[in-house]
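As stored in target33.cif (mmCIF, C-alpha atoms):
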data_input
#
loop_
_atom_site.group_PDB
_atom_site.id
_atom_site.type_symbol
_atom_site.label_atom_id
_atom_site.label_comp_id
_atom_site.auth_asym_id
_atom_site.auth_seq_id
_atom_site.Cartn_x
_atom_site.Cartn_y
_atom_site.Cartn_z
ATOM 1 C CA MET A 317 4.663 32.369 -23.222
ATOM 2 C CA ILE A 318 7.475 34.975 -23.235
ATOM 3 C CA GLU A 319 6.961 37.207 -26.271
ATOM 4 C CA SER A 320 9.857 39.609 -25.732
ATOM 5 C CA LEU A 321 12.884 40.306 -23.514
ATOM 6 C CA ASN A 322 13.852 43.949 -23.009
ATOM 7 C CA GLY A 323 11.739 44.838 -26.033
ATOM 8 C CA VAL A 324 13.327 42.245 -28.356
ATOM 9 C CA ALA A 325 10.893 39.676 -29.767
ATOM 10 C CA THR A 326 11.766 36.076 -28.845
ATOM 11 C CA LEU A 327 10.101 34.391 -31.837
ATOM 12 C CA PRO A 328 12.647 35.561 -34.494
ATOM 13 C CA ALA A 329 15.618 34.886 -32.176
ATOM 14 C CA SER A 330 17.674 31.786 -33.019
ATOM 15 C CA ASP A 331 17.917 31.070 -29.275
ATOM 16 C CA PRO A 332 15.891 33.134 -26.775
ATOM 17 C CA ALA A 333 18.500 32.332 -24.118
ATOM 18 C CA ALA A 334 20.980 34.437 -26.069
ATOM 19 C CA LEU A 335 18.876 37.494 -25.248
ATOM 20 C CA LEU A 336 19.767 36.944 -21.577
ATOM 21 C CA ARG A 337 23.517 37.021 -22.137
ATOM 22 C CA ASN A 338 25.288 39.189 -19.510
ATOM 23 C CA GLN A 339 21.965 39.906 -17.812
ATOM 24 C CA ALA A 340 22.518 37.862 -14.629
ATOM 25 C CA GLY A 341 21.799 39.994 -11.563
ATOM 26 C CA ARG A 342 20.162 42.736 -13.637
ATOM 27 C CA GLN A 343 16.487 43.521 -14.015
ATOM 28 C CA VAL A 344 14.994 42.281 -17.281
ATOM 29 C CA LEU A 345 11.655 43.357 -18.741
ATOM 30 C CA LEU A 346 9.575 40.475 -20.070
ATOM 31 C CA HIS A 347 6.372 40.721 -22.049
ATOM 32 C CA VAL A 348 4.421 37.539 -21.322
ATOM 33 C CA LYS A 349 1.236 36.065 -22.740
ATOM 34 C CA PRO A 350 -0.421 33.611 -20.324
ATOM 35 C CA LYS A 351 -2.627 30.741 -21.478
ATOM 36 C CA SER A 352 -5.568 32.686 -20.172
ATOM 37 C CA GLY A 353 -5.754 36.338 -19.306
ATOM 38 C CA THR A 354 -4.304 39.562 -20.620
ATOM 39 C CA PRO A 355 -0.673 39.855 -21.839
ATOM 40 C CA ARG A 356 1.402 41.918 -19.432
ATOM 41 C CA ASP A 357 4.904 43.156 -18.637
ATOM 42 C CA VAL A 358 6.898 41.464 -15.880
ATOM 43 C CA ILE A 359 10.219 42.531 -14.355
ATOM 44 C CA VAL A 360 12.538 39.651 -13.367
ATOM 45 C CA THR A 361 16.171 39.320 -12.260
ATOM 46 C CA PRO A 362 17.910 36.362 -13.934
ATOM 47 C CA MET A 363 20.496 34.349 -12.016
ATOM 48 C CA LYS A 364 23.756 32.852 -13.210
ATOM 49 C CA ALA A 365 23.645 29.446 -14.873
ATOM 50 C CA GLN A 366 25.785 27.996 -12.068
ATOM 51 C CA GLU A 367 23.351 29.283 -9.436
ATOM 52 C CA ALA A 368 20.423 27.806 -11.331
ATOM 53 C CA ALA A 369 22.217 24.452 -11.600
ATOM 54 C CA SER A 370 22.887 24.500 -7.862
ATOM 55 C CA LEU A 371 19.199 25.142 -7.134
ATOM 56 C CA ARG A 372 18.173 22.243 -9.368
ATOM 57 C CA TYR A 373 20.682 20.015 -7.578
ATOM 58 C CA ASP A 374 19.309 21.133 -4.191
ATOM 59 C CA ASP A 375 15.833 20.232 -5.409
ATOM 60 C CA TRP A 376 17.026 16.797 -6.609
ATOM 61 C CA GLU A 377 18.703 16.098 -3.265
ATOM 62 C CA TYR A 378 15.674 17.258 -1.275
ATOM 63 C CA ALA A 379 13.410 15.059 -3.392
ATOM 64 C CA ARG A 380 15.630 12.023 -2.626
ATOM 65 C CA ARG A 381 15.397 12.701 1.101
ATOM 66 C CA ARG A 382 11.605 13.063 0.949
ATOM 67 C CA ARG A 383 11.378 9.820 -1.015
ATOM 68 C CA VAL A 384 13.353 7.977 1.658
ATOM 69 C CA GLU A 385 11.232 9.484 4.440
ATOM 70 C CA GLU A 386 8.007 8.463 2.722
ATOM 71 C CA GLN A 387 8.975 4.966 1.566
ATOM 72 C CA GLY A 388 11.105 4.202 4.611
ATOM 73 C CA LYS A 389 8.362 5.363 6.991
ATOM 74 C CA GLY A 390 10.818 7.122 9.257
ATOM 75 C CA ALA A 391 13.029 4.070 9.822
ATOM 76 C CA ILE A 392 15.660 4.926 7.204
ATOM 77 C CA GLY A 393 17.926 7.976 7.059
ATOM 78 C CA TYR A 394 19.481 9.565 3.973
ATOM 79 C CA VAL A 395 22.786 11.410 3.565
ATOM 80 C CA HIS A 396 24.008 12.733 0.214
ATOM 81 C CA LEU A 397 27.553 14.016 -0.274
ATOM 82 C CA ARG A 398 28.222 16.101 -3.382
ATOM 83 C CA ALA A 399 31.971 15.873 -2.917
ATOM 84 C CA MET A 400 34.635 15.054 -0.336
ATOM 85 C CA GLY A 401 36.000 18.511 0.448
ATOM 86 C CA GLY A 402 35.934 21.020 3.282
ATOM 87 C CA ASP A 403 32.352 22.141 2.638
ATOM 88 C CA ASN A 404 31.151 18.546 2.786
ATOM 89 C CA TYR A 405 31.988 18.229 6.482
ATOM 90 C CA ALA A 406 29.061 20.580 6.983
ATOM 91 C CA GLU A 407 26.836 18.467 4.703
ATOM 92 C CA TRP A 408 27.667 15.421 6.801
ATOM 93 C CA ALA A 409 26.893 17.175 10.084
ATOM 94 C CA ARG A 410 23.650 18.662 8.752
ATOM 95 C CA ASP A 411 22.253 15.398 7.379
ATOM 96 C CA TYR A 412 23.794 12.574 9.451
ATOM 97 C CA TYR A 413 23.308 13.691 13.040
ATOM 98 C CA PRO A 414 19.502 14.059 12.756
ATOM 99 C CA VAL A 415 19.216 10.418 11.558
ATOM 100 C CA PHE A 416 21.969 8.539 13.392
ATOM 101 C CA ARG A 417 19.354 6.824 15.578
ATOM 102 C CA ARG A 418 17.518 5.377 12.575
ATOM 103 C CA GLN A 419 17.529 1.640 11.872
ATOM 104 C CA GLY A 420 18.779 2.017 8.306
ATOM 105 C CA LEU A 421 20.969 4.544 6.478
ATOM 106 C CA ILE A 422 21.505 5.328 2.790
ATOM 107 C CA LEU A 423 24.799 7.056 1.986
ATOM 108 C CA ASP A 424 24.449 8.531 -1.498
ATOM 109 C CA VAL A 425 27.718 9.392 -3.285
ATOM 110 C CA ARG A 426 26.284 9.511 -6.788
ATOM 111 C CA HIS A 427 27.722 12.471 -8.742
ATOM 112 C CA ASN A 428 30.389 12.839 -6.013
ATOM 113 C CA ARG A 429 33.300 14.876 -7.389
ATOM 114 C CA GLY A 430 35.893 13.630 -4.890
ATOM 115 C CA GLY A 431 38.196 15.330 -2.415
ATOM 116 C CA ASN A 432 39.958 13.802 0.577
ATOM 117 C CA ILE A 433 37.694 13.020 3.556
ATOM 118 C CA ASP A 434 36.839 9.369 2.877
ATOM 119 C CA SER A 435 38.805 8.081 5.883
ATOM 120 C CA TRP A 436 37.190 10.674 8.172
ATOM 121 C CA ILE A 437 33.672 9.535 7.222
ATOM 122 C CA LEU A 438 34.567 5.834 7.277
ATOM 123 C CA GLY A 439 36.016 6.349 10.746
ATOM 124 C CA LYS A 440 32.664 7.724 11.912
ATOM 125 C CA LEU A 441 30.811 4.766 10.407
ATOM 126 C CA LEU A 442 33.181 2.233 11.996
ATOM 127 C CA ARG A 443 32.291 3.363 15.502
ATOM 128 C CA LYS A 444 30.560 0.671 17.577
ATOM 129 C CA ALA A 445 28.542 1.329 20.700
ATOM 130 C CA TRP A 446 29.803 -0.778 23.614
ATOM 131 C CA PHE A 447 28.114 0.823 26.613
ATOM 132 C CA TYR A 448 25.080 3.005 27.187
ATOM 133 C CA TRP A 449 24.308 6.062 29.275
ATOM 134 C CA GLN A 450 20.909 6.128 30.949
ATOM 135 C CA ASP A 451 19.663 9.257 32.666
ATOM 136 C CA ARG A 452 16.886 9.060 35.235
ATOM 137 C CA VAL A 453 14.448 10.007 32.486
ATOM 138 C CA GLY A 454 14.499 9.787 28.706
ATOM 139 C CA ASP A 455 16.073 7.464 26.160
ATOM 140 C CA PRO A 456 19.556 5.974 26.560
ATOM 141 C CA THR A 457 22.532 7.295 24.600
ATOM 142 C CA TRP A 458 25.683 5.415 23.811
ATOM 143 C CA ASN A 459 29.378 6.039 23.954
ATOM 144 C CA MET A 460 31.424 6.200 20.754
ATOM 145 C CA GLN A 461 29.081 9.141 20.347
ATOM 146 C CA PHE A 462 26.837 9.174 17.269
ATOM 147 C CA ALA A 463 27.863 5.647 16.270
ATOM 148 C CA PHE A 464 25.336 4.195 13.835
ATOM 149 C CA ARG A 465 23.818 0.965 15.137
ATOM 150 C CA GLY A 466 21.724 -0.004 12.113
ATOM 151 C CA HIS A 467 22.122 -1.304 8.566
ATOM 152 C CA MET A 468 23.818 0.817 5.895
ATOM 153 C CA VAL A 469 24.142 0.920 2.104
ATOM 154 C CA VAL A 470 26.049 3.143 -0.316
ATOM 155 C CA LEU A 471 24.710 4.382 -3.659
ATOM 156 C CA THR A 472 27.126 4.914 -6.584
ATOM 157 C CA ASP A 473 26.877 5.712 -10.275
ATOM 158 C CA GLN A 474 29.158 6.391 -13.239
ATOM 159 C CA TRP A 475 29.695 9.949 -11.996
ATOM 160 C CA THR A 476 31.041 8.874 -8.593
ATOM 161 C CA ALA A 477 34.666 9.987 -8.848
ATOM 162 C CA SER A 478 38.006 9.970 -7.041
ATOM 163 C CA ASP A 479 37.568 10.116 -3.255
ATOM 164 C CA GLY A 480 33.913 9.209 -3.641
ATOM 165 C CA GLU A 481 35.192 5.975 -5.171
ATOM 166 C CA ALA A 482 37.704 5.479 -2.356
ATOM 167 C CA PHE A 483 34.835 5.845 0.114
ATOM 168 C CA ALA A 484 32.709 3.264 -1.720
ATOM 169 C CA GLU A 485 35.618 0.790 -1.984
ATOM 170 C CA GLY A 486 36.468 1.254 1.688
ATOM 171 C CA PHE A 487 32.821 0.796 2.680
ATOM 172 C CA LYS A 488 32.824 -2.586 0.912
ATOM 173 C CA ARG A 489 36.207 -3.763 2.203
ATOM 174 C CA LEU A 490 35.461 -2.806 5.793
ATOM 175 C CA GLY A 491 32.252 -4.810 5.704
ATOM 176 C CA LEU A 492 29.950 -1.892 6.496
ATOM 177 C CA GLY A 493 27.295 -2.894 3.988
ATOM 178 C CA LYS A 494 26.445 -3.280 0.306
ATOM 179 C CA VAL A 495 27.194 -0.873 -2.543
ATOM 180 C CA ILE A 496 24.229 -0.441 -4.907
ATOM 181 C CA GLY A 497 24.158 1.245 -8.323
ATOM 182 C CA THR A 498 26.538 1.219 -11.265
ATOM 183 C CA ARG A 499 30.318 0.992 -11.643
ATOM 184 C CA THR A 500 32.059 4.230 -10.703
ATOM 185 C CA TRP A 501 34.112 6.609 -12.841
ATOM 186 C CA GLY A 502 37.532 4.975 -12.342
ATOM 187 C CA GLY A 503 39.858 7.860 -11.461
ATOM 188 C CA GLU A 504 41.845 7.279 -8.267
ATOM 189 C CA ILE A 505 45.434 8.291 -9.132
ATOM 190 C CA TRP A 506 46.002 11.615 -7.426
ATOM 191 C CA LEU A 507 47.828 14.645 -8.746
ATOM 192 C CA SER A 508 49.422 17.630 -7.064
ATOM 193 C CA GLY A 509 50.496 21.097 -8.135
ATOM 194 C CA SER A 510 54.101 20.523 -7.095
ATOM 195 C CA ASN A 511 55.509 20.091 -10.615
ATOM 196 C CA VAL A 512 56.262 23.785 -11.157
ATOM 197 C CA LEU A 513 58.113 24.684 -14.352
ATOM 198 C CA VAL A 514 60.662 27.474 -14.801
ATOM 199 C CA ASP A 515 57.984 29.717 -16.327
ATOM 200 C CA LYS A 516 55.823 29.182 -13.194
ATOM 201 C CA GLY A 517 53.447 26.908 -15.077
ATOM 202 C CA VAL A 518 52.473 23.501 -13.711
ATOM 203 C CA ALA A 519 52.692 20.176 -15.535
ATOM 204 C CA THR A 520 50.430 17.639 -13.852
ATOM 205 C CA ALA A 521 51.275 13.968 -14.011
ATOM 206 C CA ALA A 522 50.041 10.831 -12.302
ATOM 207 C CA GLU A 523 51.686 10.676 -8.861
ATOM 208 C CA PHE A 524 49.795 8.711 -6.195
ATOM 209 C CA GLY A 525 48.137 5.378 -6.956
ATOM 210 C CA VAL A 526 46.430 3.103 -4.439
ATOM 211 C CA TYR A 527 46.638 -0.660 -3.956
ATOM 212 C CA GLY A 528 45.048 -3.126 -1.558
ATOM 213 C CA PRO A 529 46.566 -5.563 0.926
ATOM 214 C CA GLU A 530 46.247 -8.286 -1.706
ATOM 215 C CA GLY A 531 48.845 -6.422 -3.791
ATOM 216 C CA ALA A 532 46.546 -5.268 -6.606
ATOM 217 C CA TRP A 533 46.108 -1.706 -7.871
ATOM 218 C CA LEU A 534 42.630 -0.376 -7.126
ATOM 219 C CA ILE A 535 39.974 1.689 -8.877
ATOM 220 C CA GLU A 536 42.064 3.553 -11.507
ATOM 221 C CA GLY A 537 40.841 2.871 -15.023
ATOM 222 C CA HIS A 538 38.042 0.562 -13.907
ATOM 223 C CA GLY A 539 36.149 1.990 -10.941
ATOM 224 C CA VAL A 540 34.361 0.341 -8.041
ATOM 225 C CA GLU A 541 32.034 -2.552 -8.845
ATOM 226 C CA PRO A 542 28.748 -2.391 -6.918
ATOM 227 C CA ASP A 543 27.573 -5.440 -4.994
ATOM 228 C CA ILE A 544 24.087 -4.979 -6.456
ATOM 229 C CA VAL A 545 23.945 -3.552 -9.993
ATOM 230 C CA VAL A 546 21.012 -1.207 -10.614
ATOM 231 C CA ASP A 547 20.923 1.319 -13.449
ATOM 232 C CA ASN A 548 18.756 4.417 -13.782
ATOM 233 C CA LEU A 549 17.587 4.343 -17.378
ATOM 234 C CA PRO A 550 17.217 7.701 -19.182
ATOM 235 C CA LYS A 551 13.463 7.536 -19.885
ATOM 236 C CA ALA A 552 12.650 6.417 -16.344
ATOM 237 C CA THR A 553 14.876 9.163 -14.922
ATOM 238 C CA PHE A 554 13.133 11.748 -17.113
ATOM 239 C CA ASP A 555 9.811 10.494 -15.714
ATOM 240 C CA GLY A 556 11.051 11.171 -12.176
ATOM 241 C CA LYS A 557 11.930 7.605 -11.198
ATOM 242 C CA ASP A 558 15.051 6.625 -9.258
ATOM 243 C CA GLU A 559 15.367 2.848 -9.320
ATOM 244 C CA GLN A 560 18.767 2.939 -7.579
ATOM 245 C CA LEU A 561 17.328 4.748 -4.581
ATOM 246 C CA ASP A 562 14.243 2.522 -4.542
ATOM 247 C CA ALA A 563 16.489 -0.571 -4.623
ATOM 248 C CA ALA A 564 18.455 0.761 -1.635
ATOM 249 C CA ILE A 565 15.236 1.324 0.324
ATOM 250 C CA ARG A 566 13.962 -2.181 -0.511
ATOM 251 C CA HIS A 567 17.309 -3.740 0.450
ATOM 252 C CA LEU A 568 17.300 -2.043 3.844
ATOM 253 C CA GLN A 569 13.661 -2.917 4.463
ATOM 254 C CA VAL A 570 14.464 -6.602 3.906
ATOM 255 C CA LEU A 571 17.390 -6.363 6.333
ATOM 256 C CA LEU A 572 15.233 -4.645 8.918
ATOM 257 C CA ARG A 573 12.676 -7.446 8.713
ATOM 258 C CA GLU A 574 15.289 -10.201 8.896
ATOM 259 C CA GLU A 575 17.646 -8.525 11.367
ATOM 260 C CA PRO A 576 15.702 -5.846 13.247
ATOM 261 C CA VAL A 577 17.716 -3.248 15.125
ATOM 262 C CA LYS A 578 16.312 -3.312 18.620
ATOM 263 C CA ASP A 579 16.809 -0.783 21.362
ATOM 264 C CA LEU A 580 18.677 -2.128 24.361
ATOM 265 C CA PRO A 581 16.579 -1.344 27.431
ATOM 266 C CA PRO A 582 18.444 -0.491 30.654
ATOM 267 C CA PRO A 583 18.478 -2.988 33.510
ATOM 268 C CA ALA A 584 16.591 -2.222 36.697
ATOM 269 C CA PHE A 585 18.202 0.523 38.730
ATOM 270 C CA PRO A 586 20.215 -0.907 41.654
ATOM 271 C CA ARG A 587 18.725 -0.605 45.132
ATOM 272 C CA LYS A 588 21.175 1.125 47.440
ATOM 273 C CA ALA A 589 18.899 1.616 50.423
ATOM 274 C CA VAL A 590 20.385 0.748 53.821
ATOM 275 C CA GLU A 591 18.594 -2.276 55.292
#
Here is the file; what I need is its structure written in the form of structure tokens.
Amino acid sequence: MIESLNGVATLPASDPAALLRNQAGRQVLLHVKPKSGTPRDVIVTPMKAQEAASLRYDDWEYARRRRVEEQGKGAIGYVHLRAMGGDNYAEWARDYYPVFRRQGLILDVRHNRGGNIDSWILGKLLRKAWFYWQDRVGDPTWNMQFAFRGHMVVLTDQWTASDGEAFAEGFKRLGLGKVIGTRTWGGEIWLSGSNVLVDKGVATAAEFGVYGPEGAWLIEGHGVEPDIVVDNLPKATFDGKDEQLDAAIRHLQVLLREEPVKDLPPPAFPRKAVE
């Protein structure tokens, strides 16, 4: 229990968090009373709320990856993209390349804030191996480097937005696999900062909509419908469950049993000896 912050008692305070206002990055003196033991003073350095939120998000993402590793028994990879911007190229490289040889892959774009790299990622996922390199020793590799040969799914939720939605819609339309989760946010009309006013302000307005080859407008105002609807209910989420992720793992495990992804062994090396 924290009894005081910088000498100010926490019990009478309307909100103890208010005592930490403007204290991020500075040393703060706490007087704490543990459940057992002697009360003591502790010096801590609070972080900004945004930094704390980022750490919690890192922990959530890491926990998803561990869950996939444990339940998938090493056969399924996991890639989460927070957004579709410049920094997310690095996320893709960090998380995809270590698992591109797996038999199954979960692409998680829940909470994705959008950006503009959907076609770049879809282009990577569309690659198909059509010949193999075999060294004298070791496992074969394939051309169309880092092409994924296994089964894939995409996870979405109501917070999947903008270019995250374009990615999910493209994944479905290109036949790469199923989308699992809930209907996405529904915001696909793009804006720009080109509408500059005489006072140097900017008035944003809807500018770029998207439509499909069938002649229908896509995503805006409705979102992307998942192929398999699975919701994460609040109480279950609070208890640490993630039914959407579990459903994706189960779906891939069924596919792997019905359509196993087998390695293609090399043929016998040719004999070139002179008779």
Evaluate the PyMOL selection byres ((chain A and resi 342-348) around 7) against this structure - the residues, as a short mmCIF file (atom, residue, chain, number, x, y, z; two decimals) with C-alpha atoms, keeping the file's coordinate frame, please.
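Result file is part_34.cif:
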data_model
loop_
_atom_site.label_atom_id
_atom_site.label_comp_id
_atom_site.auth_asym_id
_atom_site.auth_seq_id
_atom_site.Cartn_x
_atom_site.Cartn_y
_atom_site.Cartn_z
CA MET A 317 4.66 32.37 -23.22
CA ILE A 318 7.48 34.98 -23.24
CA GLU A 319 6.96 37.21 -26.27
CA SER A 320 9.86 39.61 -25.73
CA LEU A 321 12.88 40.31 -23.51
CA ASN A 322 13.85 43.95 -23.01
CA GLN A 339 21.96 39.91 -17.81
CA ALA A 340 22.52 37.86 -14.63
CA GLY A 341 21.80 39.99 -11.56
CA LYS A 349 1.24 36.06 -22.74
CA PRO A 350 -0.42 33.61 -20.32
CA PRO A 355 -0.67 39.85 -21.84
CA ARG A 356 1.40 41.92 -19.43
CA ASP A 357 4.90 43.16 -18.64
CA VAL A 358 6.90 41.46 -15.88
CA ILE A 359 10.22 42.53 -14.36
CA VAL A 360 12.54 39.65 -13.37
CA THR A 361 16.17 39.32 -12.26
CA PRO A 362 17.91 36.36 -13.93
#
- Picked residues, the PyMOL selection byres ((chain A and resi 376) around 12), expected as number ranges by chain: A: 369-375, 377-383, 396, 398, 426-427, 553, 556-558
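The smallest atom-to-atom distance between A:Asp403 and any of A:Ile433, A:Lys488, A:Phe483, A:Pro542, using all atoms listed in the file, is found for A:Ile433.
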- Message: Rounded to one decimal, what separation in Å do you get between atom CA of A:Lys389 and atom CA of A:Gly491?
- Response: 26.0 Å
- Task: Apply the PyMOL selection byres ((chain A and resi 501) around 12) to the displayed file and report the matching residues as a PyMOL selection string.
- Result: chain A and resi 425-430+472-482+484+498-500+502-504+535-541
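As for atom CA of A:Leu438 and atom CA of A:Thr520, they are spaced 28.9 Å apart.
Restricting the calculation to only C-alpha atoms, the smallest distance between A:Pro414 and any of A:Gly393, A:Gly402, A:Gly388, A:Gly517 is found for A:Gly393.
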Take every atom of stretch 374-383 of chain A listed in the file, pad by 6 Å on each side, and give me the axis-aligned box centre and edge lengths in Å, one decimal, as JSON.
{"center_x": 15.3, "center_y": 15.5, "center_z": -2.8, "size_x": 19.9, "size_y": 23.3, "size_z": 19.7}
- Task: Quick one: everything within 12 Å of A:Asp411, counting only C-alpha atoms, minus sequence neighbours fewer than 3 positions away in the same chain. Send it as a PyMOL selection string.
- Result: chain A and resi 377-378+381+393-397+404-408+414-416+421-424
I need stretch 364-409 of chain A from the structure I supplied, saved as a PDB file, in the first residue's frame with C-alpha atoms retained.
ATOM      1  CA  LYS A 364       4.661   9.054 -19.009  1.00  0.00           C
ATOM      2  CA  ALA A 365       1.195   7.592 -19.481  1.00  0.00           C
ATOM      3  CA  GLN A 366       1.941   6.994 -23.174  1.00  0.00           C
ATOM      4  CA  GLU A 367       5.094   5.042 -22.304  1.00  0.00           C
ATOM      5  CA  ALA A 368       3.181   2.947 -19.794  1.00  0.00           C
ATOM      6  CA  ALA A 369       0.470   2.227 -22.377  1.00  0.00           C
ATOM      7  CA  SER A 370       3.122   1.162 -24.877  1.00  0.00           C
ATOM      8  CA  LEU A 371       4.652  -1.242 -22.342  1.00  0.00           C
ATOM      9  CA  ARG A 372       1.250  -2.777 -21.627  1.00  0.00           C
ATOM     10  CA  TYR A 373       0.679  -3.180 -25.365  1.00  0.00           C
ATOM     11  CA  ASP A 374       4.105  -4.830 -25.744  1.00  0.00           C
ATOM     12  CA  ASP A 375       3.155  -7.225 -22.962  1.00  0.00           C
ATOM     13  CA  TRP A 376      -0.195  -8.014 -24.638  1.00  0.00           C
ATOM     14  CA  GLU A 377       1.516  -8.692 -27.969  1.00  0.00           C
ATOM     15  CA  TYR A 378       4.208 -10.857 -26.376  1.00  0.00           C
ATOM     16  CA  ALA A 379       1.550 -12.851 -24.533  1.00  0.00           C
ATOM     17  CA  ARG A 380      -0.261 -13.517 -27.850  1.00  0.00           C
ATOM     18  CA  ARG A 381       2.943 -14.806 -29.424  1.00  0.00           C
ATOM     19  CA  ARG A 382       3.662 -17.086 -26.455  1.00  0.00           C
ATOM     20  CA  ARG A 383       0.102 -18.402 -26.609  1.00  0.00           C
ATOM     21  CA  VAL A 384       0.514 -19.297 -30.280  1.00  0.00           C
ATOM     22  CA  GLU A 385       3.875 -20.965 -29.623  1.00  0.00           C
ATOM     23  CA  GLU A 386       2.442 -23.056 -26.800  1.00  0.00           C
ATOM     24  CA  GLN A 387      -0.883 -24.054 -28.366  1.00  0.00           C
ATOM     25  CA  GLY A 388       0.496 -24.341 -31.888  1.00  0.00           C
ATOM     26  CA  LYS A 389       3.429 -26.473 -30.712  1.00  0.00           C
ATOM     27  CA  GLY A 390       5.875 -24.680 -32.963  1.00  0.00           C
ATOM     28  CA  ALA A 391       3.908 -25.279 -36.172  1.00  0.00           C
ATOM     29  CA  ILE A 392       2.164 -21.894 -36.273  1.00  0.00           C
ATOM     30  CA  GLY A 393       3.742 -18.444 -36.520  1.00  0.00           C
ATOM     31  CA  TYR A 394       2.312 -15.146 -35.276  1.00  0.00           C
ATOM     32  CA  VAL A 395       2.733 -11.618 -36.645  1.00  0.00           C
ATOM     33  CA  HIS A 396       0.984  -8.598 -35.131  1.00  0.00           C
ATOM     34  CA  LEU A 397       0.936  -5.217 -36.869  1.00  0.00           C
ATOM     35  CA  ARG A 398      -0.042  -2.206 -34.763  1.00  0.00           C
ATOM     36  CA  ALA A 399      -0.436  -0.004 -37.815  1.00  0.00           C
ATOM     37  CA  MET A 400       0.486   0.229 -41.493  1.00  0.00           C
ATOM     38  CA  GLY A 401       3.152   2.933 -41.423  1.00  0.00           C
ATOM     39  CA  GLY A 402       6.901   3.244 -41.845  1.00  0.00           C
ATOM     40  CA  ASP A 403       7.734   1.772 -38.433  1.00  0.00           C
ATOM     41  CA  ASN A 404       5.630  -1.291 -39.189  1.00  0.00           C
ATOM     42  CA  TYR A 405       7.982  -2.450 -41.943  1.00  0.00           C
ATOM     43  CA  ALA A 406      10.369  -3.204 -39.100  1.00  0.00           C
ATOM     44  CA  GLU A 407       7.643  -5.050 -37.160  1.00  0.00           C
ATOM     45  CA  TRP A 408       7.011  -7.215 -40.207  1.00  0.00           C
ATOM     46  CA  ALA A 409      10.693  -8.029 -40.689  1.00  0.00           C
TER      47      ALA A 409
END
